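Student: I have a structure I would like to understand better, so I am pasting it below and will then ask my questions one at a time.
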Amino acid sequence: MKVSIVIPNYNGKHFMEKCVESLEEQTFQDFEIIVVDNGSSDGSQDYIKEQYPNIRLIEMGTNTGFSGAVNAGIRLAKAPYVFLLNNDTECDKDCVRKLYHAIKKSKRIFSVGAQMIQYHNRELIDSAGDLYTVFGWAFNRGNGKPVSQYEKEERIFTACGGAVIYRKSVFEEIGYFDDNFFAYREDIDVGYRGRIHGFYNLYCPEAKVYHIGSGTSGSKHNSFKVKLGVRNNIYLNYKNMPLPFLVINMPFLAVGYLVKGLYFAKKKFGADYVAGIKEAFEHLHEIKKEPFQWKYFGNYLVIQLELYINTWKIWKEKMNKN
């Protein structure tokens with residue numbers, strides 16, 4: 001077996017048929033499917049047992065978040081490569097094959113992200129990987145732009161956790177997804193750690209996945225997402241940036257948090273944003289900081305440079321829209 005496909009699920013019974021059918025139609029079939037259910041109350045567990053007896057079902061009992069669910073799946077995966085896939089997706093028939101061959105190109109590749117396309121408008125990108133900036137802002141690269149502009153295979157900062165294949169052995173070196181994050185930014189965190197250790201993340205446009213989006217949380221902005229988003233941004237920076245880099249970036253981060261705070265205040269989520277910041281600092285002592293190692297100093301410099309470059313890319317993009 002070459003690939004283990006791990007699908008986290010929370011009350012997503014209505015998504016499962018299309019998702020699983022698209023996997024059954026893959027041109028590459030040397031894989032297992034693992035569904036990790038986070039204590040669903042919509043009958044997902046019985047539905048999977050009855051309709052898909054060949055799927056390995058892990059029942060968590062309670063909602064452990066994205067991090068807890070995928071960690072359980074990764075640990076039980078039999079294959080050397082693990083494809084994490086959101087339940088609100090439909091894969092192109094060559095998707096798994098393209099991801100598998102892409103990640104095998106180099107042992108230094110930690111992850112390969114699929115080309116995630118908007119389910120209801122298949123000419124537009126949902127995500128072509130993650131961009132992270134010196135302001136602490138995370139972006140889905142290419143979101144809302146024509147698919148035709150993102151047809152080049154290239155290195156990316158990190159891959160979106162909604163449709164990405166990972167080299168399982170790397171998790172043993174850098175650690176798994178951080179359970180403290182629960183959901184949101186956990187994919188950037190684990191990809192960031194991979195970068196620190198000298199691995200890189202790739203974007204594969206030939207592996208196409210159609211994504212509905214917000215299938216579990218229900219909307220682009222809500223109290224839950226706003227609160228966890230800012231909390232986990234603080235966790236992310238504290239965890240992965242050594243103290244000198246935190247000091248260098250602190251003025252930018254302060255401006256970034258202020259601007260985002262004003263944005264969410266206008267959206268009537270200001271109280272949730274402040275609550276997220278408060279919760280982050282109350283629990284910061286629980287976050288295990290990535291140990292600094294001099295042998296990775298060059299990797300830290302490369303990452304820092306990329307944060308500046310990504311900031312410029314986003315700034316230029318925003319200016320072109322105005």
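Residues are referred to by chain and number: the chain letter is A, B, ... according to the order shown in the structure tokens, the number counts from 1 in that chain, and ligands are numbered separately from 1 in the order shown.
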Would you give me, as JSON lines, each residue of segment 138-201 of chain A having an atom within 8 Å of an atom of segment 299-303 of chain A, along with its shortest atom pair and that distance in Å to one decimal, using only C-alpha atoms and sorting by chain and residue number?
Tutor:
{"residue": "A:Arg195", "atom": "CA", "partner": "A:Asn299", "partner_atom": "CA", "distance": 7.0}
{"residue": "A:Ile196", "atom": "CA", "partner": "A:Asn299", "partner_atom": "CA", "distance": 5.5}
{"residue": "A:His197", "atom": "CA", "partner": "A:Asn299", "partner_atom": "CA", "distance": 7.5}
{"residue": "A:Gly198", "atom": "CA", "partner": "A:Asn299", "partner_atom": "CA", "distance": 6.5}
Student: Step one, run DSSP on the backbone; step two, keep only residues of segment 39-144 of chain A assigned to strand (DSSP E or B); then write them as a ChimeraX atom specification.
Tutor: /A:56-59,81-85,89-91,109-118,124-127,130-132,138-140
Student: With distances taken over only C-alpha atoms, which of A:Cys91, A:Val36, A:Ile109, A:Leu246 is nearest to Ile165 of chain A?
Tutor: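 Under the stated criterion, the closest residue is A:Ile109.
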Student: Excluding Val96 of chain A and its own-chain neighbours fewer than 4 positions away, which residues fall within 10 Å of it when counting only C-alpha atoms? Please give them as an mmCIF file with N, CA, C and O atoms, in the first residue's frame.
Tutor:
data_model
loop_
_atom_site.group_PDB
_atom_site.id
_atom_site.type_symbol
_atom_site.label_atom_id
_atom_site.label_comp_id
_atom_site.auth_asym_id
_atom_site.auth_seq_id
_atom_site.Cartn_x
_atom_site.Cartn_y
_atom_site.Cartn_z
ATOM 1 N N VAL A 3 -0.423 4.762 -0.306
ATOM 2 C CA VAL A 3 -1.013 6.002 0.228
ATOM 3 C C VAL A 3 -2.143 5.666 1.202
ATOM 4 O O VAL A 3 -2.932 4.755 0.952
ATOM 5 N N ILE A 5 -5.351 7.621 2.797
ATOM 6 C CA ILE A 5 -6.175 8.829 2.685
ATOM 7 C C ILE A 5 -6.936 9.011 3.995
ATOM 8 O O ILE A 5 -7.705 8.138 4.407
ATOM 9 N N LEU A 23 -13.073 9.137 -4.923
ATOM 10 C CA LEU A 23 -11.895 8.323 -4.605
ATOM 11 C C LEU A 23 -12.002 6.936 -5.216
ATOM 12 O O LEU A 23 -11.005 6.356 -5.659
ATOM 13 N N GLN A 26 -10.667 6.826 -8.834
ATOM 14 C CA GLN A 26 -9.290 7.232 -9.086
ATOM 15 C C GLN A 26 -8.579 6.264 -10.033
ATOM 16 O O GLN A 26 -8.795 5.042 -9.996
ATOM 17 N N THR A 27 -7.703 6.806 -10.870
ATOM 18 C CA THR A 27 -6.896 5.976 -11.760
ATOM 19 C C THR A 27 -5.795 5.247 -10.994
ATOM 20 O O THR A 27 -5.221 4.275 -11.500
ATOM 21 N N PHE A 28 -5.483 5.709 -9.811
ATOM 22 C CA PHE A 28 -4.502 5.099 -8.909
ATOM 23 C C PHE A 28 -5.275 4.563 -7.711
ATOM 24 O O PHE A 28 -5.976 5.317 -7.039
ATOM 25 N N GLN A 29 -5.170 3.263 -7.458
ATOM 26 C CA GLN A 29 -6.015 2.658 -6.422
ATOM 27 C C GLN A 29 -5.233 1.995 -5.283
ATOM 28 O O GLN A 29 -5.834 1.326 -4.442
ATOM 29 N N ASP A 30 -3.924 2.211 -5.228
ATOM 30 C CA ASP A 30 -3.123 1.565 -4.193
ATOM 31 C C ASP A 30 -3.162 2.398 -2.908
ATOM 32 O O ASP A 30 -2.155 2.950 -2.471
ATOM 33 N N PHE A 31 -4.354 2.498 -2.335
ATOM 34 C CA PHE A 31 -4.515 3.300 -1.115
ATOM 35 C C PHE A 31 -5.588 2.705 -0.219
ATOM 36 O O PHE A 31 -6.398 1.877 -0.638
ATOM 37 N N PHE A 83 -2.477 11.245 2.615
ATOM 38 C CA PHE A 83 -3.235 12.278 1.899
ATOM 39 C C PHE A 83 -4.370 12.737 2.802
ATOM 40 O O PHE A 83 -5.326 12.008 3.032
ATOM 41 N N CYS A 91 -12.571 14.814 -5.752
ATOM 42 C CA CYS A 91 -11.256 14.733 -6.390
ATOM 43 C C CYS A 91 -11.360 14.380 -7.871
ATOM 44 O O CYS A 91 -12.151 13.512 -8.257
ATOM 45 N N ASP A 92 -10.549 15.032 -8.681
ATOM 46 C CA ASP A 92 -10.392 14.631 -10.073
ATOM 47 C C ASP A 92 -9.821 13.208 -10.112
ATOM 48 O O ASP A 92 -9.095 12.790 -9.200
ATOM 49 N N TYR A 100 0.953 11.467 -5.518
ATOM 50 C CA TYR A 100 1.908 10.416 -5.155
ATOM 51 C C TYR A 100 3.205 10.560 -5.950
ATOM 52 O O TYR A 100 4.309 10.506 -5.381
ATOM 53 N N HIS A 101 3.104 10.758 -7.237
ATOM 54 C CA HIS A 101 4.313 10.886 -8.059
ATOM 55 C C HIS A 101 5.053 12.191 -7.773
ATOM 56 O O HIS A 101 6.289 12.227 -7.854
ATOM 57 N N ALA A 102 4.329 13.234 -7.404
ATOM 58 C CA ALA A 102 4.968 14.510 -7.099
ATOM 59 C C ALA A 102 5.806 14.431 -5.826
ATOM 60 O O ALA A 102 6.942 14.917 -5.782
ATOM 61 N N ALA A 114 -2.593 19.970 -3.332
ATOM 62 C CA ALA A 114 -3.363 19.885 -4.572
ATOM 63 C C ALA A 114 -3.813 21.277 -5.013
ATOM 64 O O ALA A 114 -3.779 22.236 -4.240
ATOM 65 N N VAL A 164 -3.879 17.633 0.788
ATOM 66 C CA VAL A 164 -2.411 17.636 0.765
ATOM 67 C C VAL A 164 -1.882 16.254 1.131
ATOM 68 O O VAL A 164 -2.427 15.583 2.008
ATOM 69 N N ILE A 165 -0.833 15.839 0.443
ATOM 70 C CA ILE A 165 -0.178 14.581 0.769
ATOM 71 C C ILE A 165 1.117 14.865 1.534
ATOM 72 O O ILE A 165 1.864 15.783 1.176
ATOM 73 N N ALA A 207 -2.960 17.930 -9.769
ATOM 74 C CA ALA A 207 -3.815 17.222 -8.809
ATOM 75 C C ALA A 207 -4.953 18.154 -8.413
ATOM 76 O O ALA A 207 -4.778 19.075 -7.618
ATOM 77 N N LYS A 208 -6.117 17.930 -8.981
ATOM 78 C CA LYS A 208 -7.220 18.871 -8.824
ATOM 79 C C LYS A 208 -8.276 18.346 -7.839
ATOM 80 O O LYS A 208 -8.696 17.191 -7.931
ATOM 81 N N VAL A 209 -8.676 19.243 -6.927
ATOM 82 C CA VAL A 209 -9.700 18.920 -5.927
ATOM 83 C C VAL A 209 -10.715 20.053 -5.903
ATOM 84 O O VAL A 209 -10.340 21.233 -5.810
#
Student: Could you tell me which of A:Phe182, A:Tyr119, A:Tyr47, A:Tyr210 comes closest to Ser67 of chain A if we count only C-alpha atoms?
Tutor: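 Using only C-alpha atoms, Ser67 of chain A sits closest to A:Phe182.
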Student: I want to know what sits within 8 Å of segment 120-137 of chain A, based on only C-alpha atoms, with residues of the same chain fewer than 3 positions away left out; could you give that as number ranges by chain?
Tutor: A: 113-117, 140-148, 150, 156-160, 188, 203, 205, 210-212, 233, 237, 249, 252-257, 304, 306-311
Student: Among segment 36-159 of chain A, which ones does DSSP place in helix (DSSP H, G or I), written as an NGL selection string?
Tutor: :A and (44-51 or 65-76 or 95-103 or 147-149)
Student: Would you mind telling me which residue in A:Glu172, A:Glu151, A:Glu17, A:Glu59 lies nearest to Pro80 of chain A when using only C-alpha atoms?
Tutor: A:Glu172
Student: Select, from A:Ala163, A:Gly39, A:Lys49, A:Val20, the residue with the minimum atom-to-atom distance to Thr64 of chain A, counting only C-alpha atoms.
Tutor: A:Gly39
Student: Of the residues A:Lys2, A:Tyr10, A:Lys107, A:Val230, which is the one nearest to Lys78 of chain A, using only C-alpha atoms?
Tutor: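 Counting only C-alpha atoms, the residue closest to Lys78 of chain A is A:Lys2.
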Student: May I ask which of the residues A:Met241, A:Ala69, A:Leu57, A:Ile33 is the closest one to Phe177 of chain A, counting only C-alpha atoms?
Tutor: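 Counting only C-alpha atoms, the residue closest to Phe177 of chain A is A:Ala69.
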Student: Excluding Lys105 of chain A and any residue of its chain fewer than 4 positions from it, enumerate the residues within 12 Å of it, using only C-alpha atoms, and give them as an NGL selection string.
Tutor: :A and (98-101 or 109-112 or 167 or 200-202 or 204)
Student: Take the selection from the previous step and output its residues with C-alpha atoms, as a JSON list (two decimals), in the first residue's frame.
Tutor:
[["chain", "number", "residue", "atom", "x", "y", "z"],
["A", 98, "LYS", "CA", -0.43, 13.02, -9.40],
["A", 99, "LEU", "CA", 0.16, 13.75, -5.70],
["A", 100, "TYR", "CA", 1.91, 10.42, -5.15],
["A", 101, "HIS", "CA", 4.31, 10.89, -8.06],
["A", 109, "ILE", "CA", 9.63, 17.17, 0.04],
["A", 110, "PHE", "CA", 7.47, 17.13, 3.15],
["A", 111, "SER", "CA", 4.14, 17.90, 1.52],
["A", 112, "VAL", "CA", 2.48, 18.40, -1.84],
["A", 167, "ARG", "CA", 5.60, 12.14, 3.89],
["A", 200, "TYR", "CA", 10.05, 21.96, 1.50],
["A", 201, "ASN", "CA", 6.42, 22.05, 0.38],
["A", 202, "LEU", "CA", 5.27, 21.79, -3.22],
["A", 204, "CYS", "CA", 0.93, 20.36, -7.79]]
